Amino acid sequence: MSAQNLLPANAKLVRLEESTTISPFESGDKDLNDFLLNDAKNYLKSLLAVTYLLKIDEETVAYFSLSNDNLTRSDDKKQTWNKINRSIPNEKRRRTYPAVKIGRLAVAKKYAGVGLGSRIILAVREMYVNEPQRAGCRFITVDAYRDALPFYQKNEFNFLTEQDINDDTRTMYFDLKTI
Ligand SMILES: CC(C)(COP(=O)(O)OP(=O)(O)OC[C@H]1O[C@@H](n2cnc3c(N)ncnc32)[C@H](O)[C@@H]1OP(=O)(O)O)[C@@H](O)C(=O)NCCC(=O)NCCS
């Protein structure tokens, strides 16, 4: 199975390149719209994030960007860390584990709520579990907007710490080994 196969049959996943023409995109979140139009290529050039477009015909219906990340043990996440470590053999337990961060994820307003966001999460899991790996990666992480917390919970992400409970964004993670 490839990530593409998990997406609607008429949708195509396209890696953003410097030469890609970006069509107008309206997600209802100005920062996310602006990132795609003005910053995504700079992040690519600076090797800071790779952006993927979900296209139906020539229309961009969603996009997301990925960057390498890690989960590192700290005092505020003792409980989570114990839970994480229970699924890692003793001799492989570390203070830090490799991860990939969903830096941005947005679905165009007119396509919201029909399951595209969840399909994208499945596709990202597929990319890091069943497609050939260039580097080890155990977790997906995201700094989720408050409004999007139910979306990530529905997609089986967990909170990393209670420390950010009152913040605008909360760090969440998904263990790729649970698939
Ligand atoms: C959050 C977002 C990516 C979800 O994508 P989507 O394609 O609309 O989500 P799905 O249709 O796959 O929704 C899956 C579930 O999450 C829930 N959900 C989705 N967006 C939600 C929101 N904003 N608030 C509460 N619940 C939400 C839905 O209730 C749905 O559950 P259901 O299937 O039982 O109805 C999209 O709404 C979006 O782009 N929002 C604006 C930008 C944003 O917040 N991005 C996240 C940055 S961290």
# chains A, B, ... in the order shown; residues from 1 in each chain; ligands from 1
$ residues_around --residues "Thr141 of chain A" --least-positions-apart "4" --cutoff "8 Å" --atoms "only C-alpha atoms" --output "PyMOL selection string"
chain A and resi 69+99-102+171-174
$ closest_atom_pairs --of "chain A" --to "ligand 1" --cutoff "10 Å" --atoms "only C-alpha atoms and all ligand atoms" --output "Markdown table"
| residue | atom | partner | partner_atom_place_in_ligand_line | distance |
| --- | --- | --- | --- | --- |
| A:Glu26 | CA | ligand 1 | 39 (O) | 9.3 |
| A:Ser27 | CA | ligand 1 | 39 (O) | 5.7 |
| A:Gly28 | CA | ligand 1 | 41 (C) | 6.2 |
| A:Asp29 | CA | ligand 1 | 42 (C) | 5.8 |
| A:Lys30 | CA | ligand 1 | 42 (C) | 9.2 |
| A:Asp31 | CA | ligand 1 | 42 (C) | 9.1 |
| A:Leu32 | CA | ligand 1 | 42 (C) | 6.9 |
| A:Asn33 | CA | ligand 1 | 42 (C) | 9.2 |
| A:Val61 | CA | ligand 1 | 7 (O) | 9.6 |
| A:Ala62 | CA | ligand 1 | 39 (O) | 7.4 |
| A:Tyr63 | CA | ligand 1 | 39 (O) | 8.6 |
| A:Phe64 | CA | ligand 1 | 3 (C) | 9.0 |
| A:Ile102 | CA | ligand 1 | 48 (S) | 7.9 |
| A:Gly103 | CA | ligand 1 | 48 (S) | 7.6 |
| A:Arg104 | CA | ligand 1 | 47 (C) | 5.7 |
| A:Leu105 | CA | ligand 1 | 45 (N) | 5.0 |
| A:Ala106 | CA | ligand 1 | 39 (O) | 3.3 |
| A:Val107 | CA | ligand 1 | 39 (O) | 3.8 |
| A:Ala108 | CA | ligand 1 | 39 (O) | 6.3 |
| A:Lys109 | CA | ligand 1 | 39 (O) | 7.2 |
| A:Lys110 | CA | ligand 1 | 8 (O) | 9.3 |
| A:Tyr111 | CA | ligand 1 | 7 (O) | 6.8 |
| A:Ala112 | CA | ligand 1 | 8 (O) | 3.6 |
| A:Gly113 | CA | ligand 1 | 11 (O) | 3.3 |
| A:Val114 | CA | ligand 1 | 11 (O) | 4.1 |
| A:Gly115 | CA | ligand 1 | 11 (O) | 3.2 |
| A:Leu116 | CA | ligand 1 | 7 (O) | 3.9 |
| A:Gly117 | CA | ligand 1 | 7 (O) | 3.4 |
| A:Ser118 | CA | ligand 1 | 12 (O) | 3.7 |
| A:Arg119 | CA | ligand 1 | 12 (O) | 6.5 |
| A:Ile120 | CA | ligand 1 | 12 (O) | 8.1 |
| A:Ile121 | CA | ligand 1 | 12 (O) | 8.5 |
| A:Val142 | CA | ligand 1 | 48 (S) | 6.6 |
| A:Asp143 | CA | ligand 1 | 48 (S) | 5.9 |
| A:Ala144 | CA | ligand 1 | 48 (S) | 3.7 |
| A:Tyr145 | CA | ligand 1 | 48 (S) | 4.5 |
| A:Arg146 | CA | ligand 1 | 44 (O) | 7.8 |
| A:Asp147 | CA | ligand 1 | 23 (N) | 4.9 |
| A:Ala148 | CA | ligand 1 | 23 (N) | 4.7 |
| A:Leu149 | CA | ligand 1 | 25 (C) | 6.9 |
| A:Pro150 | CA | ligand 1 | 26 (N) | 4.7 |
| A:Phe151 | CA | ligand 1 | 16 (O) | 3.5 |
| A:Tyr152 | CA | ligand 1 | 16 (O) | 6.9 |
| A:Gln153 | CA | ligand 1 | 16 (O) | 7.9 |
| A:Lys154 | CA | ligand 1 | 16 (O) | 5.8 |
| A:Asn155 | CA | ligand 1 | 14 (C) | 7.4 |
| A:Thr169 | CA | ligand 1 | 48 (S) | 7.7 |
| A:Arg170 | CA | ligand 1 | 48 (S) | 8.8 |
| A:Thr171 | CA | ligand 1 | 48 (S) | 9.4 |
| A:Met172 | CA | ligand 1 | 48 (S) | 9.8 |
$ write_last_selection --atoms "N, CA and C atoms" --output "compact mmCIF listing (two decimals), in the first residue's frame"
# COMPACT_ATOMS: atom_id res chain seq x y z
N GLU A 26 -7.69 28.63 0.27
CA GLU A 26 -8.44 29.29 1.34
C GLU A 26 -8.90 28.27 2.37
N SER A 27 -8.22 28.29 3.54
CA SER A 27 -8.57 27.31 4.57
C SER A 27 -9.38 27.92 5.70
N GLY A 28 -9.52 29.25 5.68
CA GLY A 28 -10.17 29.89 6.82
C GLY A 28 -9.16 30.31 7.88
N ASP A 29 -7.90 29.94 7.71
CA ASP A 29 -6.86 30.35 8.65
C ASP A 29 -5.80 31.11 7.86
N LYS A 30 -5.70 32.42 8.14
CA LYS A 30 -4.84 33.29 7.33
C LYS A 30 -3.37 32.85 7.38
N ASP A 31 -2.90 32.49 8.56
CA ASP A 31 -1.49 32.09 8.68
C ASP A 31 -1.19 30.86 7.83
N LEU A 32 -2.12 29.92 7.84
CA LEU A 32 -1.91 28.70 7.06
C LEU A 32 -2.00 28.98 5.56
N ASN A 33 -2.91 29.87 5.17
CA ASN A 33 -2.99 30.26 3.74
C ASN A 33 -1.68 30.94 3.33
N VAL A 61 -6.64 21.13 -2.61
CA VAL A 61 -7.74 20.95 -1.65
C VAL A 61 -7.21 20.84 -0.22
N ALA A 62 -5.92 20.58 -0.08
CA ALA A 62 -5.32 20.52 1.26
C ALA A 62 -3.81 20.55 1.10
N TYR A 63 -3.12 20.90 2.17
CA TYR A 63 -1.66 20.76 2.13
C TYR A 63 -1.17 20.45 3.53
N PHE A 64 0.03 19.89 3.60
CA PHE A 64 0.67 19.70 4.90
C PHE A 64 2.17 19.79 4.71
N ILE A 102 4.29 17.16 11.88
CA ILE A 102 3.38 17.82 10.94
C ILE A 102 3.40 19.29 11.33
N GLY A 103 4.18 20.06 10.59
CA GLY A 103 4.36 21.48 10.94
C GLY A 103 3.12 22.27 10.62
N ARG A 104 2.49 21.91 9.52
CA ARG A 104 1.26 22.58 9.11
C ARG A 104 0.35 21.58 8.44
N LEU A 105 -0.94 21.76 8.62
CA LEU A 105 -1.92 20.91 7.93
C LEU A 105 -3.17 21.75 7.77
N ALA A 106 -3.63 21.88 6.55
CA ALA A 106 -4.84 22.67 6.32
C ALA A 106 -5.64 22.07 5.18
N VAL A 107 -6.94 22.07 5.36
CA VAL A 107 -7.87 21.59 4.34
C VAL A 107 -8.64 22.83 3.85
N ALA A 108 -8.83 22.95 2.54
CA ALA A 108 -9.57 24.11 2.01
C ALA A 108 -10.98 24.11 2.61
N LYS A 109 -11.47 25.34 2.90
CA LYS A 109 -12.75 25.49 3.60
C LYS A 109 -13.86 24.67 2.94
N LYS A 110 -13.90 24.72 1.61
CA LYS A 110 -15.05 24.05 0.98
C LYS A 110 -14.94 22.52 1.00
N TYR A 111 -13.79 22.00 1.41
CA TYR A 111 -13.63 20.54 1.52
C TYR A 111 -13.52 20.08 2.98
N ALA A 112 -13.70 21.02 3.93
CA ALA A 112 -13.54 20.65 5.34
C ALA A 112 -14.65 19.70 5.78
N GLY A 113 -14.32 18.82 6.72
CA GLY A 113 -15.34 17.97 7.34
C GLY A 113 -15.79 16.78 6.52
N VAL A 114 -15.10 16.50 5.42
CA VAL A 114 -15.51 15.33 4.63
C VAL A 114 -14.46 14.20 4.71
N GLY A 115 -13.52 14.35 5.63
CA GLY A 115 -12.60 13.24 5.87
C GLY A 115 -11.22 13.39 5.24
N LEU A 116 -10.97 14.52 4.53
CA LEU A 116 -9.66 14.65 3.87
C LEU A 116 -8.52 14.74 4.89
N GLY A 117 -8.73 15.52 5.96
CA GLY A 117 -7.69 15.67 6.98
C GLY A 117 -7.31 14.31 7.55
N SER A 118 -8.30 13.50 7.86
CA SER A 118 -8.02 12.17 8.42
C SER A 118 -7.31 11.28 7.41
N ARG A 119 -7.69 11.38 6.14
CA ARG A 119 -7.00 10.59 5.11
C ARG A 119 -5.54 11.02 5.01
N ILE A 120 -5.29 12.32 5.18
CA ILE A 120 -3.91 12.80 5.13
C ILE A 120 -3.11 12.21 6.29
N ILE A 121 -3.70 12.16 7.47
CA ILE A 121 -3.01 11.55 8.62
C ILE A 121 -2.67 10.09 8.30
N VAL A 142 2.80 16.87 16.51
CA VAL A 142 2.13 18.06 15.98
C VAL A 142 1.92 19.04 17.13
N ASP A 143 2.09 20.32 16.84
CA ASP A 143 1.68 21.35 17.81
C ASP A 143 0.30 21.79 17.36
N ALA A 144 -0.72 21.19 17.95
CA ALA A 144 -2.08 21.33 17.42
C ALA A 144 -2.77 22.60 17.92
N TYR A 145 -3.40 23.32 16.98
CA TYR A 145 -4.24 24.46 17.35
C TYR A 145 -5.36 23.95 18.25
N ARG A 146 -5.76 24.81 19.17
CA ARG A 146 -6.83 24.44 20.11
C ARG A 146 -8.07 23.89 19.38
N ASP A 147 -8.49 24.59 18.30
CA ASP A 147 -9.71 24.16 17.58
C ASP A 147 -9.54 22.79 16.94
N ALA A 148 -8.29 22.42 16.67
CA ALA A 148 -8.07 21.16 15.95
C ALA A 148 -7.78 19.99 16.90
N LEU A 149 -7.78 20.24 18.23
CA LEU A 149 -7.48 19.16 19.18
C LEU A 149 -8.42 17.96 18.99
N PRO A 150 -9.76 18.20 18.85
CA PRO A 150 -10.65 17.03 18.67
C PRO A 150 -10.32 16.23 17.40
N PHE A 151 -9.86 16.95 16.38
CA PHE A 151 -9.49 16.26 15.13
C PHE A 151 -8.32 15.30 15.37
N TYR A 152 -7.29 15.78 16.08
CA TYR A 152 -6.12 14.91 16.31
C TYR A 152 -6.46 13.80 17.31
N GLN A 153 -7.31 14.11 18.28
CA GLN A 153 -7.71 13.05 19.23
C GLN A 153 -8.45 11.95 18.49
N LYS A 154 -9.34 12.38 17.60
CA LYS A 154 -10.09 11.41 16.79
C LYS A 154 -9.14 10.55 15.96
N ASN A 155 -8.01 11.14 15.58
CA ASN A 155 -7.01 10.40 14.80
C ASN A 155 -5.94 9.77 15.68
N THR A 169 -1.54 26.31 21.50
CA THR A 169 -1.31 25.05 20.80
C THR A 169 -0.87 24.01 21.83
N ARG A 170 -1.16 22.74 21.55
CA ARG A 170 -0.72 21.66 22.43
C ARG A 170 0.06 20.63 21.63
N THR A 171 1.15 20.16 22.22
CA THR A 171 1.95 19.14 21.54
C THR A 171 1.28 17.78 21.70
N MET A 172 1.12 17.11 20.55
CA MET A 172 0.52 15.77 20.57
C MET A 172 1.43 14.82 19.80
$ select_by_dssp --residues "segment 15-174 of chain A" --states "strand (DSSP E or B)" --output "MDAnalysis selection string"
chainID A and resid 15 50:56 59:72 96:107 139:145 158:159 169:174
$ residues_around --residues "Gly136 of chain A" --least-positions-apart "5" --cutoff "12 Å" --atoms "only C-alpha atoms" --output "NGL selection string"
:A and (68-70 or 97-100 or 127-129 or 131 or 176-177)
$ select_by_dssp --residues "segment 8-140 of chain A" --states "alpha helix (DSSP H)" --output "PyMOL selection string"
chain A and resi 30-34+40-45+78-86+116-129
$ residues_around --residues "Lys45 of chain A" --least-positions-apart "4" --cutoff "12 Å" --atoms "only C-alpha atoms" --output "count of residues only"
10
$ atom_distance --atom1 "atom CA of Arg138 of chain A" --atom2 "atom CA of Thr96 of chain A"
10.6 Å
